[in-house]
Amino acid sequence: MNPSDTTTIIGFFTGDGFAGYADAIAGIVFLVMLATTLVGGIIACTAERLVRAVAGLALSFIGVAAIYYYLNSPFVAMMQMLIYVGAVCVTIAFAIMLAAPEDTKKNGPSGPLSGPLGLITAGLVTMGMTGLAVNTTFSVLPKENMGEVKLIGIELLTSYSMVFELVSIVLLIAIIGSLVIARHGRSK
Amino acid sequence: MSILNLHNSLNTYLILAAILFGMGVYGLVTRRTLVGMLISSELILVAASINFMAFNRFTAPDPTVGQIFTLFIMAIAAAEAAIGLSITIAVYRNYKSVDTEDLVDLNG
């Protein structure tokens with residue numbers, strides 16, 4: 001191996017070559033996660049059995065967490081995994097097991113017209129929002145900071161402390177309320 | 001623009017959020033059980049969060065605000081899921097069904 005080869009290898013890892021490859025890999029991973037999100041969403045809204053719909057929902061949420069990572073927010077990506085994938089999906093799975101909606105007559109669309117009409121409604125909403133997004137020019141303001149986790153903590157406990165406390169109370173009341181509603185009639 | 005550079009464009013995220021929102025609306029319209037409708041409403045909430053995060057990353061001057069808003073949306077979504085599921089279980093206990101067509105006692 002002559003010296004020029006070594007230079008090429010080092011250049012591959014430190015210079016523009018590696019940066020170019022890293023960008024390409026980042027782009028490919030992003031496309032995979034985009035596909036994960038969309039496929040999970042399709043499974044979640046069309047699957048016949050609700051357990052599969054929940055699994056699709058979890059898949060979609062994992063893709064969304066990766067998309068948050070691409071939006072410079074690893075903290076929110078982690079909270080997405082914890083709260084949505086870890087808590088909400090598991091709660092819905094519990095509800096499916098407790099309420100056994102699979103035993104009901106049919107899980108398919110309600111009525112012959114609801115499928116096409118729902119598809120038209122969803123298509124119109126999606127097309128309208130896409131058209132708005134593509135045809136609008138958004139004014140970009142210069143960044144004041146990079147949105148680090150430390151700054152999120154400071155903002156949460158200073159500017160948004162009132163909202164923080166309110167959300168805490170809402171969560172507490174939601175827990176107590178759901179216990180009261182779901183426990184009713186269980187004592188006998 | 002190259003397809004590998006899609007993650008640096010605001011429109012990608014907005015269109016993805018629009019598609020997820022459309023899926024949620026489709027599921028909400030066509031599902032016939034309460035749990036299925038709840039699953040679809042979670043898709044709608046996550047689409048709203050993606051929009052907030054995209055504008056936060058690309059246009060907002062202070063990128064902490066959108067992240068905090070998304071965290072609050074997550075908290076509200078968790079509360080909503082807990083309440084919705086407990087109502088579903090209460091309905092199932094009273095009606096032995098979570099089919100929306102059986103819950104017609106208030107139907108005039």
# chains A, B, ... in the order shown; residues from 1 in each chain; ligands from 1
>>> select_by_dssp(residues="chain B", states="alpha helix (DSSP H)", output="JSON, numbers by chain")
{"B": [10, 11, 12, 13, 14, 15, 16, 17, 18, 19, 20, 21, 22, 23, 24, 25, 26, 27, 28, 29, 30, 34, 35, 36, 37, 38, 39, 40, 41, 42, 43, 44, 45, 46, 47, 48, 49, 50, 51, 52, 53, 54, 55, 56, 57, 58, 63, 64, 65, 66, 67, 68, 69, 70, 71, 72, 73, 74, 75, 76, 77, 78, 79, 80, 81, 82, 83, 84, 85, 86, 87, 88, 89, 90, 91, 92, 93, 94, 95]}
>>> interface_residues(of="chain B", to="chain A", cutoff="6 Å", atoms="only C-alpha atoms", output="PyMOL selection string")
chain B and resi 4-5+15+18-19+22+25-27+29-32+57+59+61-64+79+83+86+89-90+92
>>> residues_around(residues="Leu10 in chain B", least_positions_apart="4", cutoff="8 Å", atoms="only C-alpha atoms", output="PyMOL selection string")
chain B and resi 14+54-55+58
>>> write_last_selection(atoms="C-alpha atoms", output="PDB file, in the first residue's frame")
ATOM      1  CA  LEU B  14     -46.309  19.456   5.240  1.00  0.00           C
ATOM      2  CA  ALA B  54     -41.866  21.390  10.590  1.00  0.00           C
ATOM      3  CA  PHE B  55     -42.652  25.098  10.916  1.00  0.00           C
ATOM      4  CA  PHE B  58     -37.806  25.816   9.075  1.00  0.00           C
TER       5      PHE B  58
END
>>> closest_residue(among="A:Pro112, A:Val39, A:Leu157, A:Val85", to="Ile62 in chain A", atoms="only C-alpha atoms")
A:Val85
>>> closest_residue(among="B:Met74, B:Met53, B:Val104, B:Leu38", to="Tyr13 in chain B", atoms="only C-alpha atoms")
B:Met53
